[in-house]
Every structure is written in structure tokens, then in C-alpha cells.
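Novice: Next comes the structure file input.txt, holding compact mmCIF, C-alpha atoms and all ligand atoms.
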# COMPACT_ATOMS: atom_id res chain seq x y z
CA ARG A 249 35.82 85.06 54.98
CA PRO A 250 33.96 82.29 53.08
CA PRO A 251 30.26 82.30 54.01
CA TRP A 252 30.44 78.89 55.63
CA TYR A 253 32.35 80.48 58.53
CA ASP A 254 30.52 82.52 61.17
CA SER A 255 31.54 86.04 62.25
CA LYS A 256 33.89 84.60 64.91
CA GLY A 257 35.75 82.54 62.32
CA ASN A 258 34.20 79.21 63.36
CA LEU A 259 33.18 76.78 60.69
CA LYS A 260 29.41 76.42 60.45
CA ASN A 261 28.03 72.92 60.21
CA PRO A 262 26.86 72.26 56.64
CA LEU A 263 23.75 70.18 56.09
CA VAL A 264 24.42 66.84 54.39
CA ILE A 265 21.52 65.24 52.52
CA GLY A 266 21.54 61.75 51.01
CA VAL A 267 19.14 60.98 48.16
CA CYS A 268 18.76 57.31 47.28
CA GLY A 269 16.53 55.42 44.83
CA GLY A 270 16.48 53.06 41.89
CA SER A 271 17.98 53.89 38.52
CA ALA A 272 16.05 56.62 36.67
CA SER A 273 13.74 57.21 39.64
CA GLY A 274 14.13 60.97 39.22
CA LYS A 275 16.74 61.56 41.93
CA THR A 276 18.53 64.28 40.01
CA THR A 277 15.29 66.09 39.15
CA VAL A 278 14.11 66.02 42.77
CA CYS A 279 17.49 67.47 43.85
CA ASP A 280 17.36 70.15 41.13
CA LYS A 281 13.85 71.18 42.20
CA ILE A 282 14.84 71.37 45.87
CA ILE A 283 17.91 73.44 44.96
CA ALA A 284 15.86 75.79 42.76
CA ASN A 285 13.27 76.23 45.55
CA LEU A 286 15.93 76.79 48.19
CA ASN A 287 17.68 79.50 46.22
CA VAL A 288 20.84 79.14 48.33
CA ARG A 289 24.11 79.90 46.64
CA TRP A 290 26.36 77.41 48.40
CA VAL A 291 24.85 74.10 47.42
CA VAL A 292 26.98 71.20 46.20
CA LEU A 293 25.18 68.41 44.37
CA LEU A 294 27.28 65.27 44.06
CA SER A 295 26.33 62.16 42.15
CA MET A 296 27.47 58.70 43.16
CA ASP A 297 28.26 58.17 39.46
CA SER A 298 31.39 60.27 40.03
CA PHE A 299 32.61 57.60 42.42
CA TYR A 300 32.34 54.57 40.15
CA LYS A 301 35.56 52.55 40.12
CA ASN A 302 37.32 52.37 36.77
CA LEU A 303 36.42 49.26 34.81
CA SER A 304 39.51 47.23 34.02
CA LYS A 305 40.21 46.91 30.28
CA ASP A 306 39.95 43.10 30.38
CA ILE A 307 36.39 43.09 31.73
CA ASP A 308 33.48 43.00 29.28
CA PRO A 309 31.09 45.82 30.39
CA SER A 310 28.06 43.76 29.34
CA LYS A 311 29.08 41.15 31.93
CA TYR A 312 29.78 43.62 34.74
CA ASN A 313 27.29 44.54 37.46
CA PHE A 314 27.34 48.34 37.78
CA ASP A 315 24.46 48.10 40.26
CA HIS A 316 26.41 46.12 42.85
CA PRO A 317 27.75 48.02 45.90
CA ASP A 318 31.30 46.83 45.08
CA SER A 319 31.32 48.96 41.91
CA PHE A 320 31.65 52.15 43.95
CA ASP A 321 34.59 53.74 45.76
CA TYR A 322 33.01 54.31 49.19
CA ASP A 323 36.28 55.38 50.83
CA LEU A 324 36.60 58.27 48.40
CA MET A 325 32.93 59.21 48.91
CA VAL A 326 33.33 59.28 52.69
CA LYS A 327 36.56 61.29 52.44
CA THR A 328 35.02 63.76 49.99
CA ILE A 329 31.91 64.41 52.10
CA SER A 330 33.98 64.62 55.31
CA ASP A 331 36.39 67.12 53.73
CA LEU A 332 33.55 69.24 52.38
CA ARG A 333 31.90 69.21 55.78
CA ALA A 334 35.18 70.41 57.26
CA GLY A 335 35.23 73.35 54.83
CA LYS A 336 38.05 71.91 52.71
CA LYS A 337 38.42 72.14 48.96
CA VAL A 338 37.84 68.80 47.18
CA ASN A 339 38.30 67.38 43.69
CA ILE A 340 35.35 65.43 42.29
CA PRO A 341 36.09 62.80 39.64
CA LYS A 342 34.07 62.88 36.42
CA TYR A 343 32.77 59.61 35.02
CA CYS A 344 32.13 58.62 31.41
CA PHE A 345 29.31 56.11 30.81
CA LYS A 346 30.58 55.37 27.33
CA THR A 347 34.09 54.27 28.36
CA HIS A 348 33.07 53.15 31.89
CA SER A 349 35.97 55.05 33.39
CA ARG A 350 36.93 58.31 35.08
CA LEU A 351 37.91 61.24 32.90
CA VAL A 352 41.24 62.94 33.51
CA HIS A 353 39.50 66.25 34.23
CA GLN A 354 38.09 66.71 37.74
CA ASP A 355 35.78 69.37 39.17
CA THR A 356 37.02 71.40 42.11
CA VAL A 357 34.44 72.14 44.77
CA TYR A 358 34.76 74.45 47.76
CA GLY A 359 32.82 74.48 51.01
CA ALA A 360 29.05 74.66 51.09
CA ASP A 361 25.97 75.26 53.22
CA VAL A 362 24.23 72.25 51.78
CA ILE A 363 25.86 69.09 50.42
CA ILE A 364 23.61 66.66 48.54
CA LEU A 365 24.77 63.21 47.50
CA GLU A 366 22.42 61.39 45.10
CA GLY A 367 22.71 57.85 43.76
CA ILE A 368 21.36 54.33 43.67
CA LEU A 369 23.19 53.21 46.84
CA THR A 370 23.87 56.36 48.86
CA LEU A 371 22.31 54.81 51.96
CA TYR A 372 24.31 51.57 51.67
CA SER A 373 27.39 52.49 53.69
CA LYS A 374 26.93 53.11 57.42
CA GLU A 375 29.91 55.43 57.45
CA LEU A 376 28.29 57.53 54.76
CA ARG A 377 24.86 57.42 56.43
CA ASP A 378 26.44 58.66 59.64
CA LEU A 379 27.59 61.79 57.82
CA MET A 380 24.05 62.57 56.62
CA ASP A 381 21.56 64.83 58.38
CA ILE A 382 18.60 63.99 56.14
CA LYS A 383 18.12 60.71 54.27
CA ILE A 384 15.62 60.58 51.42
CA PHE A 385 14.44 57.60 49.35
CA ILE A 386 12.80 58.26 45.98
CA ASP A 387 10.20 55.60 45.25
CA THR A 388 9.14 55.54 41.60
CA ASP A 389 7.31 52.67 39.85
CA ASP A 390 9.59 50.11 38.17
CA ASP A 391 7.89 50.44 34.77
CA VAL A 392 8.26 54.23 34.80
CA ARG A 393 11.94 53.83 35.67
CA LEU A 394 12.60 51.24 32.96
CA ALA A 395 10.90 53.38 30.31
CA ARG A 396 12.98 56.41 31.33
CA ARG A 397 16.17 54.40 31.48
CA LEU A 398 15.64 53.00 27.99
CA LYS A 399 15.23 56.47 26.55
CA ARG A 400 18.13 57.95 28.50
CA ASP A 401 20.69 55.20 27.97
CA ILE A 402 20.05 55.08 24.22
CA ALA A 403 20.06 58.88 23.83
CA GLU A 404 22.84 59.83 26.27
CA ARG A 405 24.91 56.82 27.21
CA GLY A 406 25.52 55.27 23.77
CA ARG A 407 23.57 52.03 24.38
CA THR A 408 21.29 49.90 22.20
CA LEU A 409 17.74 48.81 23.08
CA GLU A 410 18.91 45.18 23.38
CA SER A 411 21.87 46.04 25.62
CA VAL A 412 19.73 48.15 27.99
CA LEU A 413 17.14 45.39 28.34
CA HIS A 414 19.80 42.72 28.81
CA GLN A 415 21.58 44.78 31.48
CA TYR A 416 18.27 45.57 33.19
CA ASN A 417 17.19 41.93 33.44
CA THR A 418 20.63 40.55 34.34
CA PHE A 419 21.90 43.16 36.80
CA VAL A 420 19.79 46.29 37.36
CA LYS A 421 16.55 44.63 38.48
CA PRO A 422 18.12 41.87 40.66
CA SER A 423 20.42 44.41 42.38
CA PHE A 424 17.52 46.78 42.91
CA ASP A 425 15.63 44.00 44.71
CA ASP A 426 18.66 42.77 46.68
CA TYR A 427 20.46 46.00 47.62
CA ILE A 428 18.45 49.13 46.90
CA ILE A 429 14.93 48.33 48.14
CA PRO A 430 16.26 47.26 51.60
CA LEU A 431 17.80 50.74 52.02
CA LYS A 432 14.32 52.23 52.45
CA LYS A 433 14.55 51.32 56.11
CA TYR A 434 17.31 53.90 56.62
CA ALA A 435 15.39 56.75 54.99
CA ASP A 436 13.88 59.56 57.08
CA ILE A 437 11.41 60.21 54.33
CA ILE A 438 10.19 58.21 51.32
CA VAL A 439 9.03 60.25 48.35
CA PRO A 440 6.50 58.44 46.14
CA ARG A 441 6.39 59.34 42.40
CA GLY A 442 9.70 61.22 42.52
CA SER A 443 9.88 64.63 40.91
CA ASP A 444 6.10 64.82 40.27
CA ASN A 445 5.58 65.04 44.01
CA ILE A 446 5.55 68.81 44.43
CA VAL A 447 4.11 68.65 47.96
CA ALA A 448 7.00 66.47 49.16
CA ILE A 449 9.55 68.69 47.42
CA ASN A 450 8.08 71.81 49.08
CA LEU A 451 7.97 70.12 52.49
CA LEU A 452 11.60 69.08 52.12
CA THR A 453 12.67 72.56 51.01
CA ASN A 454 11.00 74.17 54.03
CA HIS A 455 12.58 71.66 56.38
CA ILE A 456 16.04 72.25 54.90
CA ARG A 457 15.60 76.02 55.20
CA LEU A 458 14.63 75.62 58.85
CA LYS A 459 17.65 73.41 59.57
CA LEU A 460 19.97 75.91 57.85
CA LYS A 461 18.65 78.74 59.99
CA GLU A 462 19.13 76.63 63.14
CA ARG A 463 22.80 76.22 62.15
CA GLY A 464 23.36 79.90 61.67
CA PHE A 465 23.12 79.98 57.88
CA ASP A 466 20.91 82.62 56.44
CA PRO A 467 19.38 81.16 53.25
CA GLU A 468 18.18 84.58 52.05
CA LYS A 469 21.52 86.30 52.66
CA THR A 470 23.85 83.67 51.22
CA SER A 471 21.97 83.68 47.92
CA GLU A 472 23.21 87.25 47.44
CA LEU A 473 26.90 86.45 47.89
CA GLY A 474 29.50 85.67 45.25
CA LEU A 475 32.89 83.95 45.45
CA GLU A 476 34.68 87.06 44.18
CA GLY A 477 37.19 88.48 46.61
CA LEU A 478 36.83 85.65 49.09
CA GLU A 479 39.87 83.89 50.46
CA LEU A 480 39.04 80.23 50.07
CA PRO A 481 40.66 77.53 52.21
N1 LIG A 501 25.67 52.36 34.75
C1 LIG A 501 25.92 51.89 33.47
N2 LIG A 501 27.19 51.90 32.98
C2 LIG A 501 28.23 52.34 33.73
C3 LIG A 501 28.00 52.82 35.04
C4 LIG A 501 26.69 52.81 35.53
O1 LIG A 501 24.98 51.48 32.79
N3 LIG A 501 29.44 52.34 33.22
C5 LIG A 501 24.30 52.37 35.27
C6 LIG A 501 24.06 51.39 36.39
O2 LIG A 501 23.49 50.24 35.85
C7 LIG A 501 23.12 52.12 37.36
C8 LIG A 501 22.96 53.50 36.76
O3 LIG A 501 24.00 53.64 35.80
O4 LIG A 501 21.86 51.50 37.43
C9 LIG A 501 23.09 54.61 37.79
O5 LIG A 501 22.66 55.82 37.27
P1 LIG A 501 21.16 56.32 37.57
O6 LIG A 501 20.87 56.25 39.02
O7 LIG A 501 20.21 55.64 36.67
O8 LIG A 501 21.32 57.83 37.08
P2 LIG A 501 20.83 59.18 37.77
O9 LIG A 501 20.79 60.19 36.66
O10 LIG A 501 21.67 59.48 38.95
O11 LIG A 501 19.37 58.78 38.24
P3 LIG A 501 18.00 59.58 38.25
O12 LIG A 501 17.38 59.36 36.90
O13 LIG A 501 17.21 58.95 39.35
O14 LIG A 501 18.32 61.01 38.47
Please express what this file holds, its structure, as C-alpha cells.

Specialist:
Amino acid sequence: RPPWYDSKGNLKNPLVIGVCGGSASGKTTVCDKIIANLNVRWVVLLSMDSFYKNLSKDIDPSKYNFDHPDSFDYDLMVKTISDLRAGKKVNIPKYCFKTHSRLVHQDTVYGADVIILEGILTLYSKELRDLMDIKIFIDTDDDVRLARRLKRDIAERGRTLESVLHQYNTFVKPSFDDYIIPLKKYADIIVPRGSDNIVAINLLTNHIRLKLKERGFDPEKTSELGLEGLELP
């Protein structure tokens, strides 16, 4: 039996965590640190980037607002999280920042104890928020985020200095002010300084561990298990 079922064959209730925050605020690093601290085997970390809509060939990417809520496929995000919560197998699209479109290859993910969704607008949709047990907002200074984004987009996403600055001033910053900052009000916890905030990361890890135990998951035990020999749904 997969470990997300209890001994009576009932599906346990996985913990869904939403991590929101501006571009390059350190969302992924905070999630990685929580996951490393937790040491639970069945953790699924999803990025909202996987749910970007494909950019139509006749749209110039430099004129498109990738920071607007309409750029994301919320229906697919809600379905994916709901299916994972229900112990079903799901396919996660992979996104390419160079071509602005989904790759043909998808990742297959099975059930989990903990499901984390990170992204710039994870707290935007009420339907999605309603699926979350813990909502976190990462609050990192704008100048730190811009400096990180410049380095990252040039090194990893095939951009030029001019294009990153143009996109930042035209779309990223205005959308951050209009759509992302207001999402703070939905957060259960706001983490200043992002991944440097070890105290917040430890507090969150302990809280998650407690919640998992309350739901019948045993964080220590599940870290020992492997997928081998399990009949997956
Ligand atoms: N984006 C882009 N081109 C695309 C799609 C998205 O430039 N084709 C940009 C958007 O402008 C958006 C950003 O990607 O601001 C979202 O990714 P971001 O949150 O910066 O990446 P993460 O690695 O998830 O963030 P963090 O550094 O906080 O972990």
C-alpha cells in the first residue's frame, strides 16, 4: 500500500502548502531548505512556472506580461493539486523560459504527504487558496530581487541585461505592485529576507512536522520508505 494510505486503506490527508512572493525572492530556496529539514520522503514541490500558458507564435515575448495572473493556467493548477490530494497520479508540464512554451516531456508525480506549490501568484486564486493548509509569503527587498533576477535571467534564461531591465520596468515591477503585494493579506505567515531567515524556516518545519503527525503521517518513518514494490494508484 502506498504510504499515503493508512493501515485501514483510507487515504490520509496530505498537507498542501502555498509559497508566494515576488520574482527572485528566494521561494525555491526556502522550499528546498524546508524540505531538507523535514527529511520526509513523500514531498512534491511544484512550481507555478510549470503552469504558464503557451505563448502564441504571433506574440512578441518582449511585449507580453508574464507577471499578469492571466498568463497562468489556474484550472490545470487546481485540478493537479486536487488530484494529488486525492492520491491520484498526475502529469506536470515542463516549461521552457527560452521558447516561452511547454516542453513535450512531462513529469509524472504520485501521491505525497506534503505538496508545496511555489510561485509569484500562488495566493491569487481563491479556489487554489482553499486547497491550501498553510499559506506563506516570502518578503524580500526589491533591490535584492532585481539583482538576483538580472544574474539568473542572463545566466539561465538566455536574456540580455537590456531585456531584463526593460521587462522589469514595463511588466514585473508594475504587476508586483498591482497583483503580488496585495496577496500578503491571504498569507498565514510572512517571511522577511527569504532564505536567509533560518529561524522562520525552522519554525515552519516544526509546524509542518506537527501537522503531519496530527494527520497520521509519521515523518520519521516515511523517510525510510522507498517506492519499490508498492502498487501505485
Ligand atoms: N518569466 C519570463 N519569461 C517567461 C515566463 C516567465 O521572464 N517566458 C518570468 C516572469 O516575468 C516572472 C518570473 O518569470 O516574474 C517567475 O519566475 P520567478 O518567480 O522569478 O522564479 P522562481 O525561481 O520560482 O523564484 P524564486 O527565485 O523566488 O525561487

Novice: Work out how far apart CA of Asp391 in chain A and CA of Thr347 in chain A are and give it in Å to one decimal.

Specialist: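 Atom-to-atom, CA of Asp391 in chain A and CA of Thr347 in chain A are spaced 27.2 Å apart.
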
Novice: A:Ala435, A:Leu303, A:Leu413, A:Val352: which is nearest ligand LIG 501 (chain A), counting only C-alpha atoms and all ligand atoms?

Specialist: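 The shortest atom-to-atom distance to ligand LIG 501 (chain A) comes from A:Leu303.
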
Novice: Report as JSON the centre and the edge lengths, in Å to one decimal, of the axis-aligned box holding every listed atom of ligand LIG 501 (chain A), padded by 4 Å on each side.

Specialist:
{"center_x": 23.3, "center_y": 55.6, "center_z": 36.1, "size_x": 20.2, "size_y": 18.8, "size_z": 14.6}

Novice: Got a sec to check which residues sit within 9 Å of (11.0, 52.4, 39.3), counting all atoms listed in the file, and write them as a ChimeraX atom specification?

Specialist: /A:269-273,387-394,441

Novice: With C-alpha atoms retained, could you export that selection as a compact mmCIF listing (two decimals), in the frame of the given file?

Specialist:
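result03.txt was written with the following content:
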# COMPACT_ATOMS: atom_id res chain seq x y z
CA GLY A 269 16.53 55.42 44.83
CA GLY A 270 16.48 53.06 41.89
CA SER A 271 17.98 53.89 38.52
CA ALA A 272 16.05 56.62 36.67
CA SER A 273 13.74 57.21 39.64
CA ASP A 387 10.20 55.60 45.25
CA THR A 388 9.14 55.54 41.60
CA ASP A 389 7.31 52.67 39.85
CA ASP A 390 9.59 50.11 38.17
CA ASP A 391 7.89 50.44 34.77
CA VAL A 392 8.26 54.23 34.80
CA ARG A 393 11.94 53.83 35.67
CA LEU A 394 12.60 51.24 32.96
CA ARG A 441 6.39 59.34 42.40

Novice: Please measure the separation of CA of Lys461 in chain A and CA of Leu294 in chain A, giving the value in Å to one decimal.

Specialist: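 Going from CA of Lys461 in chain A over to CA of Leu294 in chain A, I get 22.6 Å.
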
Novice: So which residues are near ligand LIG 501 (chain A), meaning at most 9 Å away with all atoms listed in the file counted, given back as number ranges by chain?

Specialist: A: 268-279, 295-297, 300, 302-303, 309-310, 312-316, 319, 343-349, 366-369, 386, 393, 396-397, 400-401, 405, 407, 412, 415-416, 419-421, 423-424, 442

Novice: CA of Tyr322 in chain A and CA of Leu431 in chain A are how many Å apart?

Specialist: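 These atoms are spaced 15.9 Å apart.
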